[in-house]
$ cat coords32.tsv   # TSV, C-alpha atoms
chain	number	residue	atom	x	y	z
A	185	MET	CA	10.03	14.47	-25.92
A	186	GLU	CA	8.92	17.08	-23.39
A	187	PHE	CA	9.09	16.69	-19.62
A	188	PHE	CA	7.07	18.01	-16.64
A	189	LEU	CA	4.20	19.80	-18.41
A	190	GLU	CA	0.97	21.25	-16.97
A	191	LYS	CA	2.63	22.68	-13.87
A	192	THR	CA	0.47	23.54	-10.88
A	193	GLU	CA	1.43	25.81	-7.99
A	194	VAL	CA	0.89	24.23	-4.57
A	195	TRP	CA	1.11	26.20	-1.33
A	196	PHE	CA	1.78	24.78	2.12
A	197	THR	CA	0.86	26.67	5.26
A	198	ALA	CA	4.37	26.48	6.73
A	199	LEU	CA	6.16	27.54	3.52
A	200	GLU	CA	6.50	31.08	2.24
A	201	ASN	CA	6.83	30.09	-1.40
A	202	SER	CA	4.75	27.76	-3.55
A	203	VAL	CA	5.94	24.45	-5.01
A	204	ASN	CA	5.50	23.76	-8.72
A	205	ILE	CA	4.35	20.25	-9.56
A	206	SER	CA	3.18	18.59	-12.75
A	207	SER	CA	0.76	15.73	-13.26
A	208	VAL	CA	2.48	14.92	-16.59
A	209	PHE	CA	5.88	13.23	-16.49
A	210	CYS	CA	6.53	13.55	-20.22
A	211	GLN	CA	4.98	13.60	-23.66
A	212	ILE	CA	6.42	11.46	-26.42
A	213	ASP	CA	5.94	12.39	-30.08
A	214	LEU	CA	5.37	9.27	-32.14
A	215	PRO	CA	7.53	9.05	-35.27
A	216	PHE	CA	5.76	9.39	-38.63
A	217	SER	CA	2.61	10.53	-36.84
A	218	GLU	CA	1.08	13.58	-35.23
A	219	SER	CA	-0.02	11.50	-32.23
A	220	VAL	CA	1.45	12.09	-28.79
A	221	ILE	CA	1.73	9.66	-25.86
A	222	THR	CA	1.25	11.32	-22.49
A	223	VAL	CA	2.99	9.66	-19.53
A	224	ARG	CA	1.70	10.88	-16.18
A	225	TRP	CA	3.45	10.94	-12.83
A	226	TYR	CA	0.62	8.90	-11.36
A	227	GLY	CA	1.44	5.98	-13.63
A	228	VAL	CA	5.19	6.39	-13.16
A	229	LEU	CA	4.91	6.32	-9.35
A	230	ILE	CA	2.48	3.40	-9.36
A	231	ALA	CA	4.89	1.48	-11.61
A	232	PHE	CA	7.86	2.37	-9.39
A	233	GLY	CA	6.05	1.20	-6.26
A	234	TYR	CA	4.96	-1.96	-8.06
A	235	ILE	CA	8.53	-2.77	-9.12
A	236	LEU	CA	9.95	-2.25	-5.62
A	237	ALA	CA	7.17	-4.37	-4.12
A	238	ALA	CA	7.80	-7.14	-6.66
A	239	LEU	CA	11.56	-7.08	-6.03
A	240	PHE	CA	11.03	-7.26	-2.29
A	241	GLY	CA	8.58	-10.14	-2.68
A	242	GLY	CA	11.04	-11.93	-4.94
A	243	ARG	CA	13.79	-11.52	-2.36
A	244	ILE	CA	11.61	-13.00	0.37
A	245	ALA	CA	10.58	-15.85	-1.94
A	246	TYR	CA	14.26	-16.61	-2.60
A	247	THR	CA	15.01	-16.57	1.14
A	248	TRP	CA	12.15	-18.95	1.82
A	249	LYS	CA	13.24	-21.17	-1.09
A	250	ILE	CA	10.00	-20.71	-3.04
A	251	ASP	CA	10.23	-21.49	-6.77
A	252	LEU	CA	10.71	-18.11	-8.46
A	253	ASN	CA	9.08	-19.35	-11.67
A	254	LYS	CA	5.91	-20.05	-9.71
A	255	MET	CA	6.19	-16.62	-8.11
A	256	VAL	CA	6.28	-15.02	-11.56
A	257	ASP	CA	2.98	-16.73	-12.38
A	258	ILE	CA	1.48	-15.36	-9.17
A	259	LEU	CA	2.82	-11.89	-9.95
A	260	ILE	CA	1.36	-11.84	-13.47
A	261	TYR	CA	-2.09	-13.19	-12.64
A	262	GLY	CA	-2.24	-11.32	-9.35
A	263	SER	CA	-1.49	-8.05	-11.14
A	264	LEU	CA	-4.20	-8.67	-13.74
A	265	GLY	CA	-6.66	-9.60	-11.00
A	266	GLY	CA	-5.71	-6.46	-9.10
A	267	ILE	CA	-6.38	-4.18	-12.07
A	268	ILE	CA	-9.71	-5.84	-12.83
A	269	GLY	CA	-10.75	-5.79	-9.19
A	270	ALA	CA	-9.78	-2.14	-8.72
A	271	ARG	CA	-11.78	-1.11	-11.77
A	272	LEU	CA	-14.90	-3.14	-10.97
A	273	TYR	CA	-14.92	-1.99	-7.34
A	274	TYR	CA	-14.80	1.64	-8.44
A	275	CYS	CA	-17.39	1.29	-11.19
A	276	PHE	CA	-19.91	-0.61	-9.09
A	277	SER	CA	-19.48	1.92	-6.28
A	278	LYS	CA	-20.43	4.63	-8.80
A	279	TRP	CA	-22.91	2.53	-10.76
A	280	GLU	CA	-25.17	5.51	-11.46
A	281	THR	CA	-22.37	6.86	-13.67
A	282	TYR	CA	-21.81	3.63	-15.60
A	283	SER	CA	-25.28	2.08	-15.68
A	284	ASP	CA	-26.32	3.84	-18.90
A	285	ASN	CA	-23.20	2.66	-20.71
A	286	PRO	CA	-21.72	-0.46	-19.05
A	287	LEU	CA	-19.16	-0.70	-21.85
A	288	SER	CA	-17.47	2.40	-20.38
A	289	ILE	CA	-16.28	0.17	-17.54
A	290	LEU	CA	-13.58	-0.93	-19.98
A	291	TYR	CA	-12.35	2.64	-20.48
A	292	ILE	CA	-9.74	2.27	-17.78
A	293	TRP	CA	-7.51	4.97	-19.32
A	294	GLU	CA	-10.11	7.55	-18.26
A	295	GLY	CA	-9.28	6.84	-14.61
A	296	GLY	CA	-11.21	5.29	-11.78
A	297	LEU	CA	-9.48	2.62	-9.68
A	298	ALA	CA	-10.04	1.71	-6.03
A	299	ILE	CA	-7.27	0.27	-3.88
A	300	TRP	CA	-9.51	-2.10	-1.91
A	301	GLY	CA	-10.83	-3.59	-5.14
A	302	GLY	CA	-7.27	-4.04	-6.34
A	303	ILE	CA	-6.27	-5.83	-3.13
A	304	ILE	CA	-9.31	-8.14	-3.26
A	305	GLY	CA	-8.92	-8.92	-6.97
A	306	GLY	CA	-5.17	-9.43	-6.77
A	307	LEU	CA	-5.43	-11.71	-3.75
A	308	ALA	CA	-8.20	-13.78	-5.33
A	309	ALA	CA	-6.18	-14.37	-8.51
A	310	GLY	CA	-2.92	-14.94	-6.61
A	311	LEU	CA	-4.45	-17.46	-4.23
A	312	ILE	CA	-5.92	-19.48	-7.11
A	313	VAL	CA	-2.51	-19.68	-8.79
A	314	CYS	CA	-0.96	-20.46	-5.40
A	315	LYS	CA	-3.35	-23.37	-4.95
A	316	VAL	CA	-2.63	-24.72	-8.44
A	317	ASN	CA	1.14	-24.43	-8.00
A	318	LYS	CA	1.01	-25.91	-4.48
A	319	ILE	CA	2.63	-22.96	-2.71
A	320	ASN	CA	2.06	-22.33	1.00
A	321	ILE	CA	-0.81	-19.82	0.85
A	322	ARG	CA	-0.24	-18.26	4.25
A	323	ASN	CA	3.44	-17.62	3.53
A	324	LEU	CA	2.39	-15.97	0.28
A	325	LEU	CA	-0.05	-13.74	2.18
A	326	ASP	CA	2.72	-12.64	4.55
A	327	MET	CA	4.87	-11.74	1.58
A	328	VAL	CA	2.00	-9.87	-0.09
A	329	GLY	CA	1.18	-7.87	3.05
A	330	MET	CA	4.67	-6.39	3.27
A	331	SER	CA	4.90	-5.82	-0.49
A	332	LEU	CA	1.54	-4.04	-0.60
A	333	LEU	CA	2.69	-1.53	2.00
A	334	ILE	CA	5.70	-0.65	-0.18
A	335	GLY	CA	3.59	-0.18	-3.30
A	336	GLN	CA	0.87	1.78	-1.51
A	337	GLY	CA	3.34	3.98	0.33
A	338	ILE	CA	5.00	5.08	-2.91
A	339	GLY	CA	1.96	5.02	-5.19
A	340	ARG	CA	0.03	7.51	-3.05
A	341	TRP	CA	2.39	10.26	-4.20
A	342	GLY	CA	0.69	10.00	-7.59
A	343	ASN	CA	-2.33	11.59	-5.89
A	344	PHE	CA	-0.14	14.54	-4.94
A	345	ALA	CA	0.97	14.99	-8.55
A	346	ASN	CA	-2.67	14.97	-9.64
A	347	GLN	CA	-3.74	17.11	-6.67
A	348	GLU	CA	-6.49	14.66	-5.76
A	349	ALA	CA	-7.54	12.45	-2.84
A	350	PHE	CA	-7.03	15.31	-0.38
A	351	GLY	CA	-8.96	16.02	2.78
A	352	THR	CA	-11.06	18.65	4.51
A	353	ASN	CA	-9.80	22.06	5.63
A	354	THR	CA	-7.00	22.30	8.17
A	355	THR	CA	-4.86	24.97	9.88
A	356	LEU	CA	-1.95	22.58	10.45
A	357	PRO	CA	1.49	23.63	9.11
A	358	TRP	CA	1.40	20.96	6.39
A	359	GLY	CA	-2.01	22.00	5.05
A	360	MET	CA	-1.85	22.43	1.25
A	361	TYR	CA	-3.70	24.58	-1.24
A	362	SER	CA	-3.77	24.79	-5.04
A	363	GLN	CA	-6.04	25.87	-7.84
A	364	LYS	CA	-7.12	22.25	-8.20
A	365	THR	CA	-8.15	21.93	-4.54
A	366	TYR	CA	-10.09	25.19	-4.90
A	367	ASN	CA	-11.83	24.05	-8.08
A	368	TYR	CA	-12.81	20.66	-6.69
A	369	LEU	CA	-14.09	21.95	-3.34
A	370	SER	CA	-16.04	24.68	-5.13
A	371	TYR	CA	-17.68	22.01	-7.27
A	372	VAL	CA	-18.50	19.90	-4.22
A	373	ILE	CA	-20.08	22.84	-2.41
A	374	ALA	CA	-22.06	23.82	-5.52
A	375	GLN	CA	-23.45	20.31	-5.75
A	376	GLY	CA	-24.34	20.36	-2.08
A	377	ALA	CA	-22.94	16.85	-1.55
A	378	VAL	CA	-20.37	14.35	-2.74
A	379	ASN	CA	-21.67	11.46	-4.82
A	380	GLY	CA	-25.21	12.16	-3.66
A	381	SER	CA	-24.41	12.02	0.06
A	382	GLU	CA	-25.47	14.68	2.59
A	383	ASP	CA	-22.26	14.35	4.59
A	384	PRO	CA	-22.12	17.08	7.31
A	385	ILE	CA	-18.31	17.13	7.10
A	386	ILE	CA	-18.48	18.10	3.43
A	387	ALA	CA	-21.06	20.79	4.13
A	388	ASN	CA	-18.54	22.87	6.12
A	389	LEU	CA	-15.82	23.03	3.46
A	390	ASP	CA	-14.13	26.29	2.46
A	391	PRO	CA	-12.39	26.13	-0.95
A	392	THR	CA	-10.22	29.16	-0.12
A	393	LYS	CA	-8.47	27.43	2.79
A	394	PRO	CA	-5.74	24.72	2.93
A	395	VAL	CA	-6.69	21.06	3.11
A	396	HIS	CA	-5.31	17.90	4.70
A	397	PRO	CA	-2.75	16.16	2.41
A	398	THR	CA	-4.31	12.76	3.06
A	399	PHE	CA	-2.11	11.17	0.40
A	400	LEU	CA	0.86	12.01	2.66
A	401	TYR	CA	-0.83	10.57	5.74
A	402	GLU	CA	-1.53	7.28	4.02
A	403	SER	CA	1.94	7.12	2.45
A	404	LEU	CA	3.69	7.60	5.80
A	405	TRP	CA	1.29	5.19	7.50
A	406	CYS	CA	2.04	2.48	4.93
A	407	LEU	CA	5.82	2.94	5.05
A	408	LEU	CA	5.79	2.89	8.86
A	409	GLY	CA	3.67	-0.25	8.70
A	410	PHE	CA	6.20	-1.88	6.38
A	411	ALA	CA	8.99	-1.13	8.87
A	412	ILE	CA	6.96	-2.71	11.69
A	413	LEU	CA	6.16	-5.82	9.65
A	414	TYR	CA	9.77	-6.17	8.53
A	415	ILE	CA	11.02	-5.99	12.12
A	416	THR	CA	8.39	-8.56	13.07
A	417	LEU	CA	9.57	-10.80	10.23
A	418	LYS	CA	13.10	-10.79	11.61
A	419	ASN	CA	12.27	-11.10	15.29
A	420	TRP	CA	8.73	-12.11	16.22
A	421	ARG	CA	7.07	-14.03	13.40
A	422	LYS	CA	5.48	-17.02	15.11
A	423	PHE	CA	3.20	-18.52	12.45
A	424	SER	CA	2.46	-18.29	8.74
A	425	GLY	CA	-0.15	-15.64	8.02
A	426	GLN	CA	0.80	-13.48	11.01
A	427	LEU	CA	2.26	-10.66	8.92
A	428	PHE	CA	-0.75	-10.52	6.61
A	429	LEU	CA	-3.13	-10.29	9.56
A	430	MET	CA	-0.97	-7.50	10.96
A	431	TYR	CA	-1.19	-5.79	7.57
A	432	GLY	CA	-4.97	-6.01	7.70
A	433	VAL	CA	-5.08	-4.51	11.20
A	434	TRP	CA	-2.56	-1.78	10.41
A	435	TYR	CA	-3.81	-0.65	7.02
A	436	GLY	CA	-7.47	-1.14	7.90
A	437	THR	CA	-7.14	1.03	11.01
A	438	GLY	CA	-5.18	3.76	9.23
A	439	ARG	CA	-7.50	3.86	6.23
A	440	THR	CA	-10.57	4.02	8.49
A	441	ILE	CA	-9.18	7.15	10.16
A	442	ILE	CA	-7.75	8.81	7.05
A	443	GLU	CA	-10.86	8.16	4.96
A	444	GLY	CA	-12.78	10.33	7.42
A	445	PHE	CA	-10.81	13.34	6.16
A	446	ARG	CA	-11.33	12.63	2.46
A	447	THR	CA	-13.62	14.78	0.31
A	448	ASP	CA	-13.90	12.34	-2.60
A	449	SER	CA	-15.08	9.20	-0.84
A	450	LEU	CA	-17.41	6.66	-2.42
A	451	TYR	CA	-20.62	6.37	-0.44
A	452	ILE	CA	-23.10	3.56	0.17
A	453	GLY	CA	-26.15	4.73	-1.74
A	454	ASN	CA	-27.48	8.06	-0.47
A	455	THR	CA	-26.21	7.47	3.06
A	456	THR	CA	-23.29	9.15	4.83
A	457	LEU	CA	-21.52	5.79	5.18
A	458	ARG	CA	-18.26	5.75	3.27
A	459	VAL	CA	-17.58	2.49	1.47
A	460	SER	CA	-13.86	2.40	2.25
A	461	GLN	CA	-14.38	3.27	5.92
A	462	VAL	CA	-16.89	0.45	6.45
A	463	LEU	CA	-14.71	-2.07	4.59
A	464	SER	CA	-11.47	-0.92	6.25
A	465	LEU	CA	-12.93	-1.10	9.75
A	466	SER	CA	-14.38	-4.54	9.03
A	467	VAL	CA	-11.03	-5.82	7.76
A	468	ALA	CA	-9.17	-4.38	10.77
A	469	VAL	CA	-11.57	-5.97	13.28
A	470	VAL	CA	-11.66	-9.39	11.60
A	471	CYS	CA	-7.86	-9.50	11.23
A	472	ALA	CA	-7.35	-8.37	14.84
A	473	ILE	CA	-9.60	-11.15	16.16
A	474	ALA	CA	-7.89	-13.77	13.96
A	475	LEU	CA	-4.45	-12.51	15.02
A	476	VAL	CA	-5.24	-12.77	18.73
A	477	VAL	CA	-6.81	-16.23	18.35
A	478	LEU	CA	-3.86	-17.62	16.38
A	479	LEU	CA	-1.29	-16.09	18.74
A	480	ILE	CA	-3.02	-17.72	21.71
A	481	LYS	CA	-3.10	-20.99	19.79
A	482	TYR	CA	0.64	-20.67	19.10
A	483	ILE	CA	1.43	-19.95	22.77
A	484	LYS	CA	-0.45	-23.08	23.81
A	485	ASN	CA	1.07	-25.26	21.10
A	486	PRO	CA	4.20	-23.83	19.39
A	487	LYS	CA	4.92	-25.36	15.99
A	488	PRO	CA	7.62	-24.82	13.35
A	489	ILE	CA	6.79	-22.34	10.59
A	490	GLU	CA	6.31	-24.25	7.36
A	491	GLY	CA	8.11	-23.20	4.20
A	492	VAL	CA	10.80	-20.97	5.72
A	493	ASP	CA	14.41	-21.50	6.74
A	494	TYR	CA	14.07	-21.28	10.53
A	495	ILE	CA	11.95	-22.95	13.21
A	496	VAL	CA	10.19	-21.82	16.36
A	497	GLY	CA	12.50	-21.49	19.35
A	498	GLU	CA	15.64	-20.98	17.27
A	499	PRO	CA	17.02	-17.77	15.78
A	500	PRO	CA	16.53	-17.25	12.02
A	501	VAL	CA	19.31	-18.34	9.71
A	502	TYR	CA	20.31	-14.75	8.96
A	503	TRP	CA	20.88	-14.19	12.70
A	504	ALA	CA	23.11	-17.25	12.85
A	505	LYS	CA	25.11	-16.03	9.87
A	506	SER	CA	25.48	-12.59	11.42
A	507	LYS	CA	26.72	-14.07	14.69
A	508	ALA	CA	29.15	-16.35	12.87
A	509	LYS	CA	30.66	-13.36	11.05
A	510	LYS	CA	31.00	-11.38	14.28
A	511	ALA	CA	32.63	-14.35	16.00
A	512	ALA	CA	35.09	-14.79	13.15
A	513	LYS	CA	36.08	-11.10	13.23
A	514	LEU	CA	36.46	-11.10	17.01
A	515	ALA	CA	38.54	-14.27	16.94
A	516	ALA	CA	40.82	-12.85	14.23
A	517	ALA	CA	41.27	-9.58	16.14
A	518	ASN	CA	42.19	-11.37	19.38
A	519	ASN	CA	44.09	-14.19	17.68
A	520	THR	CA	41.97	-16.80	19.48
A	521	PRO	CA	39.94	-19.80	18.30
A	522	VAL	CA	36.40	-19.04	17.12
A	523	GLU	CA	34.92	-21.44	19.69
A	524	GLU	CA	36.21	-19.30	22.57
A	525	VAL	CA	34.35	-16.16	21.45
A	526	GLN	CA	31.23	-17.83	20.04
A	527	GLU	CA	29.40	-17.84	23.37
A	528	ASP	CA	30.13	-14.17	24.06
A	529	VAL	CA	28.84	-13.15	20.63
A	530	THR	CA	25.64	-15.19	21.13
A	531	GLU	CA	24.96	-13.61	24.54
A	532	ASN	CA	25.49	-10.08	23.20
A	533	ASN	CA	23.00	-10.66	20.40
A	534	GLU	CA	20.17	-12.10	22.46

$ encode --input "coords32.tsv" --output "structure tokens"
Amino acid sequence: MEFFLEKTEVWFTALENSVNISSVFCQIDLPFSESVITVRWYGVLIAFGYILAALFGGRIAYTWKIDLNKMVDILIYGSLGGIIGARLYYCFSKWETYSDNPLSILYIWEGGLAIWGGIIGGLAAGLIVCKVNKINIRNLLDMVGMSLLIGQGIGRWGNFANQEAFGTNTTLPWGMYSQKTYNYLSYVIAQGAVNGSEDPIIANLDPTKPVHPTFLYESLWCLLGFAILYITLKNWRKFSGQLFLMYGVWYGTGRTIIEGFRTDSLYIGNTTLRVSQVLSLSVAVVCAIALVVLLIKYIKNPKPIEGVDYIVGEPPVYWAKSKAKKAAKLAAANNTPVEEVQEDVTENNE
């Protein structure tokens, strides 16, 4: 077994020395055969993000007392739906490449997945299973929104390992440059367009200059979004589905902006409209409207959140447990009954 092959030198504007990265995590020699299995960093990071997202979702499901066996069904079918959706979205967006040989759509090992297709396909499959297993769909969506941000935030680093999904030229300190960015931008300029589009942004590229590390932008945006949603979960979640709508607003807005820097976007026909930008903006606007409407509805008529362990107007159970522990420690330290310090602890935590 060999590790970290095919190293590529990457330069950053603010650094004096280059950084060596490899798109290949390891190569495994199969016993009794001359065949070799190549494991790439992209797959390793996607798998790592997927595992963390699944563990987090499982933890939330346990907290909300959702049957974990049913959650496993959702995880399995949702994952399959996500892979199928990601592949079909990509292939249909580049149909001119696959139209002559539709069977090549199945050649998923050759690459070509789109995150929006994965989200749509995974949600569709998950919601069907959710309906069959009689699980609160909106609670599931809240769980999925937070989990997706974990997986996306980590998985984007696979693009860095491959030196792909980068942006246009920049003079910022974190601008990056490598032989792969040079080769790709040179190809784009030689073609005169990306995917048949006469995008004016692409026309001004310089392959000899650093580019925006858009993978980093999206990774940080997703991880920050997860932190915001998690804080909301603990403090300000008012209705089921709120966190998922916030996910749609947050990710849709970020992706709309970041996609504008990308040099490998999928376009709508021969126009300059980028598929992901149009879809991301649409999702952000629709989710924002739904979020405002439902928040107003909640303000007018507050109702308990179904399927979780706390109700509107009362602190979550984990707050109560935290306060109880603090009260017990304070009472033990002062050698006084717990009832005498309970009120002080409650006031200090509100």

$ closest_residue --input "coords32.tsv" --among "A:Trp405, A:Tyr368, A:Ala387, A:Gly310" --to "A:Ile260" --atoms "all atoms listed in the file"
A:Gly310

$ residues_around --input "coords32.tsv" --residues "A:Val203" --least-positions-apart "3" --cutoff "10 Å" --atoms "only C-alpha atoms" --output "list in words"
Lys191, Thr192, Glu193, Val194, Trp195, Phe196, Leu199, Glu200 and Ser362 of chain A

$ residues_around --input "coords32.tsv" --residues "A:Asp251" --least-positions-apart "2" --cutoff "12 Å" --atoms "all atoms listed in the file" --output "ChimeraX atom specification"
/A:242-249,253-258,314,317-320,324,491

$ closest_atom_pairs --input "coords32.tsv" --of "stretch 255-324 of chain A" --to "stretch 447-460 of chain A" --cutoff "9 Å" --atoms "only C-alpha atoms" --output "JSON lines"
{"residue": "A:Tyr274", "atom": "CA", "partner": "A:Leu450", "partner_atom": "CA", "distance": 8.3}
{"residue": "A:Ser277", "atom": "CA", "partner": "A:Leu450", "partner_atom": "CA", "distance": 6.5}
{"residue": "A:Lys278", "atom": "CA", "partner": "A:Leu450", "partner_atom": "CA", "distance": 7.3}
{"residue": "A:Trp300", "atom": "CA", "partner": "A:Ser460", "partner_atom": "CA", "distance": 7.5}

$ closest_residue --input "coords32.tsv" --among "A:Ile442, A:Met327, A:Ile230, A:Val395" --to "A:Tyr414" --atoms "all atoms listed in the file"
A:Met327

$ closest_residue --input "coords32.tsv" --among "A:Ile312, A:Leu408, A:Leu272, A:Val228" --to "A:Leu297" --atoms "all atoms listed in the file"
A:Leu272

$ atom_distance --input "coords32.tsv" --atom1 "atom CA of A:Val433" --atom2 "atom CA of A:Leu307"
16.6 Å

$ closest_residue --input "coords32.tsv" --among "A:Asn323, A:Thr365, A:Asn285, A:Thr197" --to "A:Ile250" --atoms "only C-alpha atoms"
A:Asn323

$ atom_distance --input "coords32.tsv" --atom1 "atom CA of A:Lys364" --atom2 "atom CA of A:Gln347"
6.3 Å

$ residues_near_point --input "coords32.tsv" --point "(4.4, 9.0, 3.4)" --cutoff "10 Å" --atoms "all atoms listed in the file" --output "ChimeraX atom specification"
/A:336-341,398-408

$ closest_residue --input "coords32.tsv" --among "A:Lys422, A:Ser202, A:Arg446, A:Ser464" --to "A:Gln363" --atoms "only C-alpha atoms"
A:Ser202

$ residues_around --input "coords32.tsv" --residues "stretch 481-486 of chain A" --least-positions-apart "2" --cutoff "8 Å" --atoms "only C-alpha atoms" --output "PyMOL selection string"
chain A and resi 422-423+477-479+488+496

$ atom_distance --input "coords32.tsv" --atom1 "atom CA of A:Ser263" --atom2 "atom CA of A:Cys275"
18.4 Å

$ closest_residue --input "coords32.tsv" --among "A:Gly351, A:Pro357, A:Gly302, A:Gly335" --to "A:Gly233" --atoms "all atoms listed in the file"
A:Gly335
